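Chemist: Got a file for you: entry-v6.txt, compact mmCIF, C-alpha atoms.
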```txt
# COMPACT_ATOMS: atom_id res chain seq x y z
CA MET R 1 19.04 -64.72 24.66
CA ARG R 2 20.13 -61.18 25.41
CA SER R 3 23.62 -59.94 24.61
CA ILE R 4 25.83 -57.99 27.02
CA SER R 5 27.86 -55.05 25.73
CA VAL R 6 30.41 -53.19 27.85
CA THR R 7 31.48 -49.60 27.19
CA MET R 8 34.59 -48.66 29.11
CA SER R 9 37.09 -45.82 29.05
CA VAL R 10 40.59 -47.17 29.50
CA THR R 11 44.15 -45.84 29.54
CA LEU R 12 46.91 -47.35 27.41
CA ASP R 13 48.06 -49.32 30.45
CA GLY R 14 44.56 -50.67 31.07
CA VAL R 15 43.39 -48.48 33.97
CA VAL R 16 39.63 -47.93 34.19
CA GLN R 17 39.37 -46.41 37.68
CA GLY R 18 38.24 -42.85 38.36
CA LEU R 19 37.70 -41.51 34.85
CA GLY R 20 35.41 -38.60 35.63
CA ARG R 21 36.50 -36.69 38.73
CA PRO R 22 39.14 -36.71 41.48
CA ASP R 23 36.85 -38.22 44.14
CA GLU R 24 35.04 -40.70 41.88
CA ASP R 25 36.89 -43.82 43.05
CA THR R 26 39.81 -43.53 45.45
CA ARG R 27 39.95 -47.21 46.41
CA GLY R 28 43.49 -48.43 47.00
CA GLY R 29 44.72 -44.84 47.39
CA PHE R 30 44.09 -44.06 43.72
CA SER R 31 45.08 -40.43 43.21
CA HIS R 32 44.63 -39.92 39.45
CA GLY R 33 40.84 -39.45 39.43
CA GLY R 34 39.49 -37.32 36.61
CA TRP R 35 42.06 -38.54 34.09
CA GLY R 36 39.45 -38.68 31.32
CA ASN R 37 38.64 -34.97 31.48
CA GLY R 38 39.79 -33.00 28.47
CA TYR R 39 39.39 -35.84 25.98
CA GLN R 40 35.73 -35.28 25.04
CA ASP R 41 34.95 -34.00 21.57
CA ASP R 42 32.17 -34.09 18.98
CA VAL R 43 33.38 -37.42 17.58
CA MET R 44 33.14 -39.08 21.00
CA ALA R 45 29.71 -37.55 21.62
CA ARG R 46 28.46 -38.79 18.24
CA GLU R 47 29.81 -42.32 18.75
CA MET R 48 28.40 -42.60 22.28
CA GLY R 49 25.08 -41.25 21.01
CA LYS R 50 24.87 -44.18 18.59
CA GLY R 51 24.80 -46.55 21.55
CA MET R 52 21.94 -44.65 23.16
CA SER R 53 19.92 -44.79 19.97
CA ARG R 54 19.69 -48.60 20.06
CA PRO R 55 16.95 -50.13 22.19
CA GLY R 56 18.18 -51.93 25.25
CA ASP R 57 18.42 -52.05 29.01
CA MET R 58 21.34 -51.13 31.23
CA LEU R 59 23.27 -53.20 33.73
CA PHE R 60 25.26 -51.71 36.62
CA GLY R 61 27.31 -52.72 39.60
CA ARG R 62 26.20 -51.08 42.84
CA ARG R 63 28.99 -48.48 43.07
CA THR R 64 28.48 -47.15 39.53
CA TRP R 65 24.69 -47.23 39.87
CA GLU R 66 24.88 -45.14 43.06
CA ASP R 67 27.35 -42.74 41.43
CA PHE R 68 25.11 -42.34 38.37
CA ILE R 69 22.10 -41.56 40.59
CA GLY R 70 23.95 -38.46 41.76
CA ALA R 71 24.81 -37.45 38.20
CA TRP R 72 21.60 -38.34 36.33
CA GLY R 73 18.82 -39.44 38.68
CA GLY R 74 15.96 -36.98 38.82
CA ARG R 75 17.59 -34.47 36.47
CA GLU R 76 15.37 -32.91 33.85
CA ASP R 77 17.67 -30.80 31.71
CA GLY R 78 16.63 -31.83 28.19
CA ASN R 79 19.98 -33.53 27.59
CA PRO R 80 19.36 -36.68 25.49
CA PHE R 81 21.72 -38.69 27.72
CA THR R 82 19.80 -37.62 30.84
CA THR R 83 16.50 -38.60 29.21
CA HIS R 84 17.96 -41.96 28.18
CA MET R 85 19.46 -42.71 31.60
CA ASN R 86 16.28 -41.92 33.49
CA GLY R 87 13.93 -43.67 31.05
CA VAL R 88 15.75 -46.94 30.42
CA THR R 89 15.35 -50.04 32.60
CA LYS R 90 18.41 -50.28 34.84
CA TYR R 91 19.42 -53.58 36.43
CA VAL R 92 21.76 -53.25 39.40
CA ALA R 93 23.74 -56.29 40.55
CA SER R 94 24.49 -56.12 44.27
CA THR R 95 25.06 -58.26 47.31
CA THR R 96 24.50 -55.33 49.68
CA LEU R 97 21.53 -53.29 48.39
CA GLU R 98 18.14 -54.03 49.87
CA ASP R 99 16.17 -52.38 47.06
CA ALA R 100 16.70 -50.30 43.92
CA GLY R 101 14.00 -47.70 44.55
CA ALA R 102 16.45 -44.80 44.71
CA TRP R 103 16.40 -44.40 40.91
CA GLN R 104 13.36 -44.77 38.68
CA ASN R 105 13.10 -47.84 36.44
CA SER R 106 15.76 -49.72 38.44
CA VAL R 107 15.56 -53.44 39.21
CA LEU R 108 17.71 -55.12 41.85
CA LEU R 109 19.59 -58.29 40.93
CA ALA R 110 20.38 -59.45 44.46
CA GLY R 111 23.09 -61.98 45.18
CA ASP R 112 25.93 -63.38 43.11
CA ALA R 113 26.30 -61.28 39.95
CA GLU R 114 27.52 -64.11 37.73
CA LYS R 115 24.43 -66.17 38.58
CA THR R 116 21.81 -63.40 38.52
CA VAL R 117 23.15 -61.82 35.33
CA ALA R 118 23.44 -65.20 33.59
CA GLU R 119 19.78 -65.85 34.47
CA LEU R 120 18.76 -62.40 33.19
CA LYS R 121 20.77 -62.87 30.00
CA ALA R 122 19.03 -66.18 29.31
CA LEU R 123 15.57 -64.57 29.45
CA PRO R 124 13.94 -62.96 26.41
CA GLY R 125 14.19 -59.20 26.40
CA ASN R 126 16.30 -56.23 25.43
CA ASP R 127 20.05 -56.48 25.10
CA LEU R 128 22.03 -55.22 28.09
CA SER R 129 24.70 -52.54 28.13
CA VAL R 130 27.20 -51.81 30.87
CA ILE R 131 28.93 -48.44 31.29
CA GLY R 132 31.79 -48.51 33.77
CA SER R 133 31.16 -50.93 36.65
CA ALA R 134 34.67 -52.40 36.48
CA SER R 135 34.17 -54.90 39.32
CA LEU R 136 31.00 -56.22 37.70
CA VAL R 137 32.72 -56.42 34.31
CA HIS R 138 35.57 -58.44 35.86
CA SER R 139 33.04 -60.99 37.13
CA LEU R 140 31.04 -61.09 33.91
CA HIS R 141 34.14 -61.46 31.74
CA ALA R 142 35.50 -64.26 33.95
CA ALA R 143 32.13 -66.03 33.59
CA GLY R 144 32.19 -65.66 29.78
CA LEU R 145 29.09 -63.45 29.75
CA VAL R 146 30.41 -60.39 27.85
CA ASP R 147 29.59 -60.40 24.13
CA ARG R 148 31.00 -57.03 23.05
CA TYR R 149 33.41 -54.38 24.28
CA THR R 150 33.45 -50.79 23.16
CA LEU R 151 36.72 -49.42 24.51
CA LEU R 152 37.52 -45.73 24.54
CA ILE R 153 41.31 -46.05 24.59
CA HIS R 154 42.81 -42.82 25.97
CA PRO R 155 46.35 -41.76 25.02
CA LEU R 156 47.89 -41.77 28.49
CA THR R 157 49.31 -44.14 31.08
CA LEU R 158 48.80 -43.87 34.82
CA GLY R 159 50.92 -46.69 36.23
CA ALA R 160 48.42 -47.38 39.01
CA GLY R 161 44.75 -48.12 39.44
CA LEU R 162 42.17 -50.81 38.80
CA ARG R 163 42.71 -52.35 35.38
CA LEU R 164 40.12 -53.67 32.96
CA PHE R 165 41.50 -57.20 32.77
CA GLU R 166 42.77 -58.31 36.16
CA GLY R 167 42.49 -61.71 37.75
CA PRO R 168 41.35 -64.97 36.24
CA ALA R 169 39.54 -64.94 32.94
CA PRO R 170 38.93 -67.51 30.24
CA LEU R 171 40.72 -67.36 26.92
CA THR R 172 38.33 -65.30 24.82
CA GLU R 173 38.88 -64.14 21.26
CA PHE R 174 37.32 -61.01 19.84
CA THR R 175 37.00 -59.51 16.37
CA LEU R 176 37.54 -55.79 15.82
CA THR R 177 34.30 -54.65 14.19
CA SER R 178 34.91 -50.89 14.13
CA SER R 179 37.42 -48.25 15.20
CA VAL R 180 37.06 -44.50 15.19
CA PRO R 181 39.77 -42.02 16.23
CA THR R 182 38.70 -38.81 17.91
CA THR R 183 40.27 -35.40 17.47
CA LYS R 184 41.78 -35.75 20.98
CA GLY R 185 43.63 -39.01 20.25
CA VAL R 186 41.12 -41.42 21.80
CA ILE R 187 40.46 -44.56 19.77
CA ILE R 188 36.93 -45.90 20.08
CA ALA R 189 37.26 -49.58 19.26
CA GLN R 190 34.46 -52.13 19.19
CA TYR R 191 35.25 -55.81 19.68
CA ASP R 192 32.70 -58.62 19.28
CA ARG R 193 33.28 -62.01 20.86
CA ARG R 194 33.91 -64.72 18.27
```
Hey, can you dump this file as structure tokens for me?

Modeler:
Amino acid sequence: MRSISVTMSVTLDGVVQGLGRPDEDTRGGFSHGGWGNGYQDDVMAREMGKGMSRPGDMLFGRRTWEDFIGAWGGREDGNPFTTHMNGVTKYVASTTLEDAGAWQNSVLLAGDAEKTVAELKALPGNDLSVIGSASLVHSLHAAGLVDRYTLLIHPLTLGAGLRLFEGPAPLTEFTLTSSVPTTKGVIIAQYDRR
């Protein structure tokens, strides 16, 4: 059985929406987009690079997958992250996409995400990692499918926005397996499900 690991940037008050740029995700009138800018450093780059060095496939919700196409799809800049993103198998869970041909090495998981991802997880193959995709993570967590969280906890509060843990979810206990502070005050904490 494959494992599912989620990597998510989060504020102290749990917001995960619109990390990268002002127009990234304005659902619900969210006006704090780009809140994660200015927190990158060499420590964060090194820690995120460790995740890319492990073999595995990626899992996305439709919105994040489409956003990442614009950022990484088709780029050839020699950046190791670009090479990783374009080369890895990418599964995209969606009820609205008709195909996943817009980005190389992408596979559509059509229909209910909890069902299609549970089926994928049960098959032999590489472990799965999720970056972002908050709506998908909500569904997977509620279904008990997430095995590990790597949270990049940023030292700010926003007071509004989509939060990591909203809505129904089962009682789930985790063990802190590592924590690394960055020079910018971000704590990179890894939690494994017990």

Chemist: Could you check the closest approach to Arg62 of chain R for each of R:Ala142, R:Ala45, R:Val137, R:Leu123 and tell me which residue wins, using all atoms listed in the file?

Modeler: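 With all atoms listed in the file as the atom set, the closest residue is R:Val137.
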
Chemist: Atom CA of His138 of chain R and atom CA of Arg163 of chain R are how many Å apart?

Modeler: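 Calculated distance between atom CA of His138 of chain R and atom CA of Arg163 of chain R is 9.4 Å.
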
Chemist: Return the single residue from R:Gly49, R:Gly74, R:Gly61, R:Pro181 that is closest to Ser94 of chain R, with distances computed using all atoms listed in the file.

Modeler: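 Closest to Ser94 of chain R, using all atoms listed in the file: R:Gly61.
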
Chemist: Just checking: using only C-alpha atoms, which residue out of R:Gly159, R:Gly87, R:Pro55, R:Pro168 ends up closest to Leu128 of chain R?

Modeler: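 The shortest atom-to-atom distance to Leu128 of chain R comes from R:Pro55.
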
Chemist: Restrict the calculation to all atoms listed in the file, then for each residue of segment 74-150 of chain R with any atom at most 10 Å from an atom of segment 12-24 of chain R give the closest atom pair and their distance in Å to one decimal, rows by chain and rising residue number, as CSV.

Modeler:
```
residue,atom,partner,partner_atom,distance
R:Gly132,CA,R:Val16,CA,7.9
R:Ser133,CA,R:Val16,CA,9.3
R:Ala134,CA,R:Val16,CA,7.1
```

Chemist: When you count only C-alpha atoms, which of these residues is closest to Thr116 of chain R: R:Val130, R:Asp99, R:Thr177, R:Val92?

Modeler: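 Using only C-alpha atoms, Thr116 of chain R sits closest to R:Val92.
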
Chemist: Could you tell me which of R:Ser106, R:Thr150, R:Ser9, R:Asn79 comes closest to Tyr91 of chain R if we count only C-alpha atoms?

Modeler: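 Under the stated criterion, the closest residue is R:Ser106.
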
Chemist: Determine the nearest neighbour of Ala189 of chain R from the options R:Ile131, R:Val10, R:Ile69, R:Leu136, counting all atoms listed in the file.

Modeler: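 Closest to Ala189 of chain R, using all atoms listed in the file: R:Val10.
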
Chemist: Can you tell me how far atom CA of Asp127 of chain R sits from atom CA of Ile4 of chain R, in Å to one decimal?

Modeler: 6.3 Å

Chemist: What's the separation between atom CA of Ser135 of chain R and atom CA of Phe174 of chain R, in Å to one decimal place?

Modeler: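 Computing it gives 20.7 Å between the two atoms.
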
Chemist: Tell me, as a JSON list (two decimals) with C-alpha atoms, in the frame of the given file, which residues lie within 10 Å of Asp192 of chain R, counting only C-alpha atoms; anything in the same chain fewer than 5 positions away does not count.

Modeler:
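Produced file out.json, reproduced below:
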```json
[["chain", "number", "residue", "atom", "x", "y", "z"],
["R", 5, "SER", "CA", 27.86, -55.05, 25.73],
["R", 146, "VAL", "CA", 30.41, -60.39, 27.85],
["R", 147, "ASP", "CA", 29.59, -60.40, 24.13],
["R", 148, "ARG", "CA", 31.00, -57.03, 23.05],
["R", 149, "TYR", "CA", 33.41, -54.38, 24.28],
["R", 150, "THR", "CA", 33.45, -50.79, 23.16],
["R", 173, "GLU", "CA", 38.88, -64.14, 21.26],
["R", 174, "PHE", "CA", 37.32, -61.01, 19.84],
["R", 175, "THR", "CA", 37.00, -59.51, 16.37],
["R", 176, "LEU", "CA", 37.54, -55.79, 15.82],
["R", 177, "THR", "CA", 34.30, -54.65, 14.19],
["R", 178, "SER", "CA", 34.91, -50.89, 14.13]]
```

Chemist: Identify, on the basis of all atoms listed in the file, every residue whose closest approach to Val43 of chain R does not exceed 10 Å; exclude the query and any residue fewer than 5 positions from it along the same chain; express the result as JSON, numbers by chain.

Modeler: {"R": [48, 49, 180, 181, 182, 183, 184, 186, 188]}

Chemist: Enumerate, as an MDAnalysis selection string, the protein, DNA and RNA residues whose atoms approach (31.0, -64.3, 41.8) to within 9 Å, taking into account only C-alpha atoms and the coordinate frame of the file.

Modeler: chainID R and resid 111:115 139:140 143
